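*Asks:* Data file coords.pdb (PDB, C-alpha atoms and all ligand atoms) is appended below.
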```
ATOM      1  CA  MET U   1       0.000   0.000   0.000
ATOM      2  CA  LEU U   2       2.901   2.320   0.800
ATOM      3  CA  GLN U   3       4.326   1.559  -2.609
ATOM      4  CA  TRP U   4       0.967   2.193  -4.270
ATOM      5  CA  ILE U   5       0.561   5.595  -2.593
ATOM      6  CA  TYR U   6       4.121   6.528  -3.473
ATOM      7  CA  HIS U   7       3.727   5.685  -7.157
ATOM      8  CA  ARG U   8       0.275   7.149  -7.419
ATOM      9  CA  ASN U   9       1.201  10.480  -5.909
ATOM     10  CA  ASP U  10       4.593  10.660  -7.531
ATOM     11  CA  GLN U  11       5.996  12.172  -4.339
ATOM     12  CA  ASP U  12       7.701  11.179  -1.120
ATOM     13  CA  PRO U  13       5.166  10.162   1.495
ATOM     14  CA  HIS U  14       7.861  11.163   3.949
ATOM     15  CA  ARG U  15       5.557  11.506   6.881
ATOM     16  CA  LEU U  16       3.493   8.438   6.341
ATOM     17  CA  PHE U  17       2.629   6.106   9.156
ATOM     18  CA  ASP U  18       1.129   2.638   8.885
ATOM     19  CA  THR U  19      -0.478   1.334  12.052
ATOM     20  CA  GLY U  20       0.280  -2.274  11.209
ATOM     21  CA  TYR U  21       3.329  -4.330  12.013
ATOM     22  CA  ARG U  22       3.258  -4.050  15.746
ATOM     23  CA  PHE U  23       5.069  -7.032  17.137
ATOM     24  CA  PHE U  24       6.404  -8.628  14.012
ATOM     25  CA  ARG U  25       9.867  -7.292  13.440
ATOM     26  CA  CYS U  26      10.291  -9.618  10.452
ATOM     27  CA  CYS U  27       7.445  -7.644   8.803
ATOM     28  CA  HIS U  28       9.385  -4.456   9.436
ATOM     29  CA  ARG U  29      12.438  -5.910   7.750
ATOM     30  CA  LYS U  30      10.428  -7.007   4.726
ATOM     31  CA  ALA U  31       8.614  -3.693   4.476
ATOM     32  CA  ARG U  32      11.930  -1.833   4.706
ATOM     33  CA  ARG U  33      13.461  -3.932   1.946
ATOM     34  CA  ARG U  34      10.484  -3.431  -0.344
ATOM     35  CA  THR U  35      10.408   0.313   0.155
ATOM     36  CA  GLU U  36      14.145   1.023   0.203
ATOM     37  CA  TYR U  37      13.831   3.348  -2.779
ATOM     38  CA  ILE U  38      11.409   5.663  -0.952
ATOM     39  CA  ARG U  39      13.519   8.362   0.645
ATOM     40  CA  GLY U  40      12.832   9.421   4.215
ATOM     41  CA  LEU U  41      10.484   6.596   5.083
ATOM     42  CA  ALA U  42      10.793   5.422   8.701
ATOM     43  CA  PHE U  43       9.223   2.438  10.419
ATOM     44  CA  GLU U  44       8.380   2.319  14.095
ATOM     45  CA  CYS U  45       7.042  -0.498  16.207
ATOM     46  CA  LEU U  46       4.298   0.614  18.637
ATOM     47  CA  ASP U  47       1.521  -0.855  20.716
ATOM     48  CA  LEU U  48      -1.247   1.608  19.965
ATOM     49  CA  THR U  49      -3.340   0.430  22.887
ATOM     50  CA  ARG U  50      -0.612   1.730  25.199
ATOM     51  CA  GLU U  51       1.635   4.123  23.370
ATOM     52  CA  PRO U  52       0.746   7.395  21.674
ATOM     53  CA  LEU U  53       1.280   7.923  17.986
ATOM     54  CA  PRO U  54       4.410   9.859  17.069
ATOM     55  CA  GLU U  55       3.804  13.597  16.911
ATOM     56  CA  GLY U  56       3.847  13.949  13.147
ATOM     57  CA  PRO U  57       2.468  15.805  11.322
ATOM     58  CA  PHE U  58       1.755  13.138   8.698
ATOM     59  CA  ASP U  59       0.534  13.580   5.150
ATOM     60  CA  VAL U  60      -1.224  10.228   5.212
ATOM     61  CA  ILE U  61      -2.147   7.881   8.024
ATOM     62  CA  LEU U  62      -3.185   4.544   6.668
ATOM     63  CA  SER U  63      -4.767   1.818   8.734
ATOM     64  CA  ILE U  64      -5.781  -1.395   7.024
ATOM     65  CA  ASP U  65      -7.442  -4.099   9.102
ATOM     66  CA  SER U  66      -5.721  -2.891  12.264
ATOM     67  CA  ILE U  67      -8.430  -0.852  13.926
ATOM     68  CA  TYR U  68     -10.231  -3.896  15.392
ATOM     69  CA  PHE U  69      -7.290  -4.639  17.658
ATOM     70  CA  LEU U  70      -7.251  -1.267  19.353
ATOM     71  CA  GLY U  71     -10.136  -1.516  21.807
ATOM     72  CA  ASP U  72     -11.863   1.870  21.937
ATOM     73  CA  PHE U  73     -10.745   2.867  18.492
ATOM     74  CA  THR U  74     -12.707   6.123  18.495
ATOM     75  CA  ASN U  75      -9.938   7.586  20.635
ATOM     76  CA  THR U  76      -7.282   6.197  18.335
ATOM     77  CA  ILE U  77      -8.998   7.743  15.310
ATOM     78  CA  ARG U  78      -9.215  11.058  17.129
ATOM     79  CA  GLN U  79      -5.502  10.856  17.879
ATOM     80  CA  MET U  80      -4.689   9.923  14.271
ATOM     81  CA  GLN U  81      -6.649  12.891  13.018
ATOM     82  CA  SER U  82      -4.800  15.203  15.396
ATOM     83  CA  ARG U  83      -1.462  14.053  13.917
ATOM     84  CA  LEU U  84      -2.338  14.934  10.317
ATOM     85  CA  ALA U  85      -0.726  17.773   8.439
ATOM     86  CA  GLN U  86      -2.993  20.400   6.959
ATOM     87  CA  SER U  87      -4.911  18.711   4.126
ATOM     88  CA  GLY U  88      -3.495  15.387   5.314
ATOM     89  CA  SER U  89      -5.499  12.256   4.822
ATOM     90  CA  LEU U  90      -6.618   9.508   7.154
ATOM     91  CA  ILE U  91      -7.462   6.277   5.358
ATOM     92  CA  LEU U  92      -9.183   3.506   7.289
ATOM     93  CA  SER U  93     -10.110   0.204   5.732
ATOM     94  CA  ALA U  94     -11.996  -2.416   7.701
ATOM     95  CA  PHE U  95     -14.370  -5.297   7.167
ATOM     96  CA  GLN U  96     -17.411  -5.937   9.313
ATOM     97  CA  VAL U  97     -19.521  -9.064   9.722
ATOM     98  CA  LYS U  98     -23.151  -8.807  10.784
ATOM     99  CA  GLY U  99     -23.881 -10.613  14.048
ATOM    100  CA  GLU U 100     -27.234 -12.304  14.587
ATOM    101  CA  GLU U 101     -28.397  -9.562  16.918
ATOM    102  CA  ASP U 102     -27.220  -6.702  14.748
ATOM    103  CA  PRO U 103     -29.823  -4.501  13.069
ATOM    104  CA  GLU U 104     -30.491  -5.268   9.402
ATOM    105  CA  ASP U 105     -28.958  -1.991   8.281
ATOM    106  CA  SER U 106     -25.791  -2.308  10.392
ATOM    107  CA  LEU U 107     -23.644  -3.026   7.346
ATOM    108  CA  LEU U 108     -24.583   0.071   5.413
ATOM    109  CA  PRO U 109     -21.513   2.278   4.838
ATOM    110  CA  GLU U 110     -22.896   5.011   7.078
ATOM    111  CA  ASN U 111     -23.719   2.576   9.908
ATOM    112  CA  THR U 112     -20.566   0.530  10.449
ATOM    113  CA  TRP U 113     -18.520   0.865  13.627
ATOM    114  CA  VAL U 114     -15.922   2.906  11.794
ATOM    115  CA  ALA U 115     -18.543   5.243  10.282
ATOM    116  CA  GLU U 116     -20.152   5.655  13.709
ATOM    117  CA  ALA U 117     -16.775   6.499  15.245
ATOM    118  CA  LEU U 118     -15.994   9.052  12.517
ATOM    119  CA  LYS U 119     -19.413  10.647  12.917
ATOM    120  CA  SER U 120     -19.100  10.795  16.688
ATOM    121  CA  ILE U 121     -15.842  12.720  16.280
ATOM    122  CA  GLY U 122     -17.455  14.951  13.676
ATOM    123  CA  LEU U 123     -15.058  13.975  10.896
ATOM    124  CA  PRO U 124     -16.384  14.244   7.363
ATOM    125  CA  TYR U 125     -15.346  11.353   5.119
ATOM    126  CA  LEU U 126     -15.767   9.688   1.779
ATOM    127  CA  TRP U 127     -16.364   5.975   1.663
ATOM    128  CA  PHE U 128     -15.501   3.415  -0.997
ATOM    129  CA  ASP U 129     -17.090  -0.005  -1.203
ATOM    130  CA  PHE U 130     -14.793  -3.045  -1.392
ATOM    131  CA  THR U 131     -17.476  -5.533  -0.371
ATOM    132  CA  GLU U 132     -17.312  -7.477  -3.600
ATOM    133  CA  ASN U 133     -13.567  -7.932  -3.082
ATOM    134  CA  VAL U 134     -13.859  -9.113   0.517
ATOM    135  CA  GLN U 135     -16.576 -11.595  -0.429
ATOM    136  CA  ARG U 136     -14.604 -12.952  -3.370
ATOM    137  CA  HIS U 137     -11.522 -13.151  -1.149
ATOM    138  CA  GLY U 138     -13.472 -15.117   1.481
ATOM    139  CA  LEU U 139     -14.651 -17.690  -1.071
ATOM    140  CA  LEU U 140     -11.292 -18.027  -2.823
ATOM    141  CA  ASN U 141      -9.326 -18.277   0.415
ATOM    142  CA  TYR U 142     -11.452 -21.207   1.481
ATOM    143  CA  ALA U 143     -11.439 -22.944  -1.910
ATOM    144  CA  ILE U 144      -7.685 -22.654  -2.393
ATOM    145  CA  ALA U 145      -6.836 -23.741   1.165
ATOM    146  CA  GLU U 146      -9.012 -26.839   0.714
ATOM    147  CA  LYS U 147      -7.478 -27.580  -2.665
ATOM    148  CA  LEU U 148      -3.984 -27.383  -1.175
ATOM    149  CA  LYS U 149      -4.832 -29.140   2.090
ATOM    150  CA  GLU U 150      -3.145 -32.456   1.193
ATOM    151  CA  ASP U 151      -0.076 -30.674  -0.117
ATOM    152  CA  PHE U 152       0.244 -28.792   3.166
ATOM    153  CA  TYR U 153       0.191 -32.065   5.120
ATOM    154  CA  ARG U 154       2.517 -33.817   2.669
ATOM    155  CA  GLU U 155       5.048 -31.022   3.174
ATOM    156  CA  GLY U 156       4.743 -31.271   6.976
ATOM    157  CA  ASN U 157       2.978 -27.902   7.059
ATOM    158  CA  GLY U 158      -0.445 -29.151   8.120
ATOM    159  CA  PHE U 159      -0.376 -26.671  11.010
ATOM    160  CA  LEU U 160      -0.558 -23.836   8.512
ATOM    161  CA  TYR U 161      -3.724 -25.283   7.034
ATOM    162  CA  GLU U 162      -5.185 -25.910  10.507
ATOM    163  CA  ALA U 163      -4.281 -22.421  11.699
ATOM    164  CA  ARG U 164      -6.375 -20.839   8.961
ATOM    165  CA  ALA U 165      -9.202 -23.417   8.645
ATOM    166  CA  ALA U 166     -11.618 -21.915  11.195
ATOM    167  CA  GLU U 167     -11.090 -18.422   9.864
ATOM    168  CA  ASN U 168     -11.588 -19.597   6.292
ATOM    169  CA  VAL U 169     -14.898 -21.278   7.154
ATOM    170  CA  TYR U 170     -16.065 -18.159   9.011
ATOM    171  CA  PHE U 171     -15.347 -15.859   6.066
ATOM    172  CA  LYS U 172     -16.752 -18.293   3.498
ATOM    173  CA  LYS U 173     -20.049 -18.474   5.415
ATOM    174  CA  ALA U 174     -20.222 -14.710   5.733
ATOM    175  CA  ALA U 175     -19.450 -14.268   2.033
ATOM    176  CA  GLU U 176     -22.125 -16.767   1.005
ATOM    177  CA  ALA U 177     -24.682 -15.154   3.291
ATOM    178  CA  GLN U 178     -23.503 -11.718   2.153
ATOM    179  CA  THR U 179     -23.170 -10.682   5.776
ATOM    180  CA  ILE U 180     -19.694  -9.254   5.381
ATOM    181  CA  VAL U 181     -18.780  -5.857   3.996
ATOM    182  CA  ARG U 182     -15.581  -3.920   3.531
ATOM    183  CA  TYR U 183     -15.385  -0.169   3.199
ATOM    184  CA  LEU U 184     -12.506   2.231   2.956
ATOM    185  CA  TYR U 185     -13.070   5.570   4.684
ATOM    186  CA  ASN U 186     -11.036   8.602   3.717
ATOM    187  CA  THR U 187     -11.377  11.603   5.974
ATOM    188  CA  GLN U 188     -11.215  15.095   4.595
ATOM    189  CA  THR U 189      -9.355  17.726   6.544
TER     190      THR U 189
HETATM  191  C1  LIG H 201      -4.697  -8.089   9.919
HETATM  192  S1  LIG H 201      -3.129  -7.331  10.151
HETATM  193  C2  LIG H 201      -3.126  -6.083   8.898
HETATM  194  C3  LIG H 201      -1.733  -5.723   8.511
HETATM  195  C4  LIG H 201      -1.587  -4.758   7.318
HETATM  196  N1  LIG H 201      -2.149  -3.454   7.627
HETATM  197  C5  LIG H 201      -2.226  -5.372   6.108
HETATM  198  O1  LIG H 201      -3.248  -4.889   5.646
HETATM  199  O2  LIG H 201      -1.699  -6.366   5.619
HETATM  200  C6  LIG H 201      -3.432  -6.459  11.654
HETATM  201  C7  LIG H 201      -2.265  -5.575  12.060
HETATM  202  O3  LIG H 201      -2.643  -4.882  13.244
HETATM  203  C8  LIG H 201      -1.487  -4.748  14.029
HETATM  204  N2  LIG H 201      -1.847  -4.535  15.427
HETATM  205  C9  LIG H 201      -2.564  -5.345  16.216
HETATM  206  N3  LIG H 201      -2.651  -4.832  17.457
HETATM  207  C10 LIG H 201      -1.964  -3.661  17.432
HETATM  208  C11 LIG H 201      -1.654  -2.674  18.423
HETATM  209  N4  LIG H 201      -2.079  -2.803  19.678
HETATM  210  N5  LIG H 201      -0.903  -1.610  18.048
HETATM  211  C12 LIG H 201      -0.466  -1.478  16.783
HETATM  212  N6  LIG H 201      -0.719  -2.370  15.805
HETATM  213  C13 LIG H 201      -1.461  -3.447  16.137
HETATM  214  C14 LIG H 201      -0.771  -6.079  13.853
HETATM  215  O4  LIG H 201       0.592  -5.983  14.145
HETATM  216  C15 LIG H 201      -1.008  -6.351  12.371
HETATM  217  O5  LIG H 201       0.032  -5.823  11.592
END
```
Go ahead and express the file in the form of structure tokens.
Ligand SMILES: C[S@@+](CC[C@H](N)C(=O)[O-])C[C@H]1O[C@@H](n2cnc3c(N)ncnc32)[C@H](O)[C@@H]1O

*Replies:*
Amino acid sequence: MLQWIYHRNDQDPHRLFDTGYRFFRCCHRKARRRTEYIRGLAFECLDLTREPLPEGPFDVILSIDSIYFLGDFTNTIRQMQSRLAQSGSLILSAFQVKGEEDPEDSLLPENTWVAEALKSIGLPYLWFDFTENVQRHGLLNYAIAEKLKEDFYREGNGFLYEARAAENVYFKKAAEAQTIVRYLYNTQT
């Protein structure tokens, strides 16, 4: 994603911060290698439930599938917004699955947890719908893992298959029932 933003904007995203890669230093190493050509890009390892974001200001703060791990993420979003440069951009992408008790309209783009958090802070945003992608991903992930199951075991990597099996079934069911959505929210400063 960093690479995509860099190429798309044709500029240095020199104050860009990705909220992922918390504990996994091997991910940092990989990300560093893949983005070596981007001048001025720094990686930091933080636990955002306990540590504040660096001061910034940042041109872009990008959070993909990380927000769910942060507890009361309304506060985190507020903090992210406060670290943006003037006309900086906060990009949040998250999926949401409808629980049995959830209202029928809970998956509408204006009603998700992220949308509710943004509204409660008073942040205007644009949303983009990636639901078709997340549903296709859910079905393909399951199908391919099942197809490769025997190969995983033959290679002595059955644990990899097992580790993902429950998750794959969960997402496949949600995709089939169309009870999963994915939106990307881009705040406007
Ligand atoms: C599903 S991964 C998404 C990673 C990456 N953004 C992507 O799209 O591939 C969730 C990420 O959230 C990060 N994460 C989980 N808890 C966190 C925390 N307390 N503080 C910061 N990052 C956290 C994990 O390290 C992981 O990189």

*Asks:* Using all atoms listed in the file, can you tell me which of U:Gly156, U:Ile121, U:Asn168, U:Tyr161 comes closest to Tyr142 in chain U?

*Replies:*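 For Tyr142 in chain U, the nearest of the given residues is U:Asn168.
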
*Asks:* Hey, can you check how far CA of Asp65 in chain U sits from CA of Ala31 in chain U?

*Replies:*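 Computed distance, CA of Asp65 in chain U to CA of Ala31 in chain U, equals 16.7 Å.
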
*Asks:* Enter the distance from CA of Val181 in chain U to CA of Asp129 in chain U, in Å, rounded to one decimal.

*Replies:* 8.0 Å

*Asks:* Taking all atoms listed in the file into account, which of U:Leu184, U:Val169, U:Glu155, U:Glu146 comes nearest ligand LIG 201 (chain H)?

*Replies:*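 Among the listed residues, U:Leu184 lies closest to ligand LIG 201 (chain H).
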
*Asks:* Running the PyMOL selection byres (((chain U and resi 180) around 12) and not hetatm) on this model by hand, what would come out? Give it as an NGL selection string.

*Replies:* :U and (94-99 or 106-109 or 112 or 129-139 or 170-179 or 181-183)

*Asks:* I'd like the interatomic distance between CA of Gly122 in chain U and CA of Glu104 in chain U, to a tenth of an Å.

*Replies:* 24.4 Å

*Asks:* Since I can't run it myself right now, could you work out what the PyMOL selection byres (((chain U and resi 92) around 10) and not hetatm) selects here and report it as number ranges by chain?

*Replies:* U: 61-67, 77, 89-91, 93-94, 114-115, 127, 183-187

*Asks:* I would like the residues chosen by the PyMOL selection byres (((chain U and resi 87) around 12) and not hetatm) on the shown file; could you give them as a PyMOL selection string?

*Replies:* chain U and resi 57-61+81-86+88-90+186-189

*Asks:* Edge lengths and centre in Å to one decimal, as JSON, is what I'm after for the box along x, y and z that holds all listed atoms of ligand LIG 201 (chain H) once 4 Å is added on each side.

*Replies:*
```
{"center_x": -2.1, "center_y": -4.8, "center_z": 12.6, "size_x": 13.3, "size_y": 14.6, "size_z": 22.1}
```

*Asks:* Identify which of the residues U:Arg39, U:Arg34, U:His28, U:Arg154 lies closest to ligand LIG 201 (chain H), counting all atoms listed in the file when measuring atom-to-atom distances.

*Replies:*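 Closest to ligand LIG 201 (chain H), using all atoms listed in the file: U:His28.
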
*Asks:* Under the rule that all atoms listed in the file are counted, which of U:Glu150, U:Glu55, U:Glu110, U:Glu167 is the nearest residue to Met80 in chain U?

*Replies:*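 Between U:Glu150, U:Glu55, U:Glu110, U:Glu167, the residue approaching Met80 in chain U most closely is U:Glu55.
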
*Asks:* From the set U:Leu123, U:Ala145, U:Leu118, U:Leu53, which residue has the shortest atom-to-atom contact distance to Ala166 in chain U, counting all atoms listed in the file?

*Replies:*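 Nearest to Ala166 in chain U: U:Ala145.
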
*Asks:* Reconstruct N, CA and C atoms of range 130-165 of chain U from the incomplete input and present them as a CSV table (one decimal), in the frame of the given file.

*Replies:*
```csv
chain,number,residue,atom,x,y,z
U,130,PHE,N,-15.6,-1.9,-0.9
U,130,PHE,CA,-14.8,-3.0,-1.4
U,130,PHE,C,-15.4,-4.4,-1.0
U,131,THR,N,-16.8,-4.3,-0.8
U,131,THR,CA,-17.5,-5.5,-0.4
U,131,THR,C,-17.3,-6.7,-1.3
U,132,GLU,N,-17.4,-6.4,-2.6
U,132,GLU,CA,-17.3,-7.5,-3.6
U,132,GLU,C,-16.0,-8.2,-3.5
U,133,ASN,N,-14.9,-7.4,-3.2
U,133,ASN,CA,-13.6,-7.9,-3.1
U,133,ASN,C,-13.5,-8.8,-1.8
U,134,VAL,N,-14.0,-8.3,-0.7
U,134,VAL,CA,-13.9,-9.1,0.5
U,134,VAL,C,-14.7,-10.4,0.4
U,135,GLN,N,-15.8,-10.4,-0.3
U,135,GLN,CA,-16.6,-11.6,-0.4
U,135,GLN,C,-15.9,-12.6,-1.4
U,136,ARG,N,-15.3,-12.1,-2.4
U,136,ARG,CA,-14.6,-13.0,-3.4
U,136,ARG,C,-13.4,-13.5,-2.7
U,137,HIS,N,-12.7,-12.7,-1.9
U,137,HIS,CA,-11.5,-13.2,-1.1
U,137,HIS,C,-11.9,-14.3,-0.2
U,138,GLY,N,-13.0,-14.1,0.5
U,138,GLY,CA,-13.5,-15.1,1.5
U,138,GLY,C,-13.7,-16.5,0.8
U,139,LEU,N,-14.3,-16.4,-0.4
U,139,LEU,CA,-14.7,-17.7,-1.1
U,139,LEU,C,-13.4,-18.3,-1.6
U,140,LEU,N,-12.5,-17.5,-2.2
U,140,LEU,CA,-11.3,-18.0,-2.8
U,140,LEU,C,-10.3,-18.6,-1.8
U,141,ASN,N,-10.2,-17.9,-0.7
U,141,ASN,CA,-9.3,-18.3,0.4
U,141,ASN,C,-9.7,-19.7,0.9
U,142,TYR,N,-11.0,-19.9,1.0
U,142,TYR,CA,-11.5,-21.2,1.5
U,142,TYR,C,-11.1,-22.3,0.4
U,143,ALA,N,-11.6,-22.0,-0.8
U,143,ALA,CA,-11.4,-22.9,-1.9
U,143,ALA,C,-10.0,-23.3,-2.1
U,144,ILE,N,-9.1,-22.4,-2.1
U,144,ILE,CA,-7.7,-22.7,-2.4
U,144,ILE,C,-7.0,-23.4,-1.2
U,145,ALA,N,-7.4,-23.0,0.0
U,145,ALA,CA,-6.8,-23.7,1.2
U,145,ALA,C,-7.3,-25.2,1.1
U,146,GLU,N,-8.5,-25.5,0.8
U,146,GLU,CA,-9.0,-26.8,0.7
U,146,GLU,C,-8.3,-27.6,-0.4
U,147,LYS,N,-8.1,-26.9,-1.5
U,147,LYS,CA,-7.5,-27.6,-2.7
U,147,LYS,C,-6.0,-28.0,-2.3
U,148,LEU,N,-5.4,-27.1,-1.5
U,148,LEU,CA,-4.0,-27.4,-1.2
U,148,LEU,C,-3.8,-28.2,0.1
U,149,LYS,N,-4.9,-28.5,0.8
U,149,LYS,CA,-4.8,-29.1,2.1
U,149,LYS,C,-3.8,-30.3,2.1
U,150,GLU,N,-4.0,-31.3,1.2
U,150,GLU,CA,-3.1,-32.5,1.2
U,150,GLU,C,-1.7,-32.1,1.0
U,151,ASP,N,-1.5,-31.1,0.1
U,151,ASP,CA,-0.1,-30.7,-0.1
U,151,ASP,C,0.5,-30.1,1.2
U,152,PHE,N,-0.3,-29.3,1.9
U,152,PHE,CA,0.2,-28.8,3.2
U,152,PHE,C,0.7,-29.9,4.1
U,153,TYR,N,-0.1,-31.0,4.2
U,153,TYR,CA,0.2,-32.1,5.1
U,153,TYR,C,1.4,-32.8,4.6
U,154,ARG,N,1.4,-33.1,3.3
U,154,ARG,CA,2.5,-33.8,2.7
U,154,ARG,C,3.8,-33.1,2.9
U,155,GLU,N,3.8,-31.8,2.9
U,155,GLU,CA,5.0,-31.0,3.2
U,155,GLU,C,5.4,-30.9,4.7
U,156,GLY,N,4.5,-31.4,5.5
U,156,GLY,CA,4.7,-31.3,7.0
U,156,GLY,C,4.3,-29.9,7.5
U,157,ASN,N,3.5,-29.2,6.7
U,157,ASN,CA,3.0,-27.9,7.1
U,157,ASN,C,1.5,-27.9,7.4
U,158,GLY,N,1.0,-29.0,7.8
U,158,GLY,CA,-0.4,-29.2,8.1
U,158,GLY,C,-0.9,-28.1,9.1
U,159,PHE,N,0.0,-27.7,10.0
U,159,PHE,CA,-0.4,-26.7,11.0
U,159,PHE,C,-0.8,-25.4,10.4
U,160,LEU,N,-0.2,-25.1,9.2
U,160,LEU,CA,-0.6,-23.8,8.5
U,160,LEU,C,-2.0,-23.9,8.0
U,161,TYR,N,-2.3,-25.1,7.5
U,161,TYR,CA,-3.7,-25.3,7.0
U,161,TYR,C,-4.7,-25.2,8.2
U,162,GLU,N,-4.3,-25.9,9.3
U,162,GLU,CA,-5.2,-25.9,10.5
U,162,GLU,C,-5.3,-24.5,11.1
U,163,ALA,N,-4.3,-23.8,11.1
U,163,ALA,CA,-4.3,-22.4,11.7
U,163,ALA,C,-5.3,-21.5,11.0
U,164,ARG,N,-5.5,-21.7,9.7
U,164,ARG,CA,-6.4,-20.8,9.0
U,164,ARG,C,-7.8,-21.4,8.7
U,165,ALA,N,-8.0,-22.7,9.0
U,165,ALA,CA,-9.2,-23.4,8.6
U,165,ALA,C,-10.4,-22.7,9.2
```
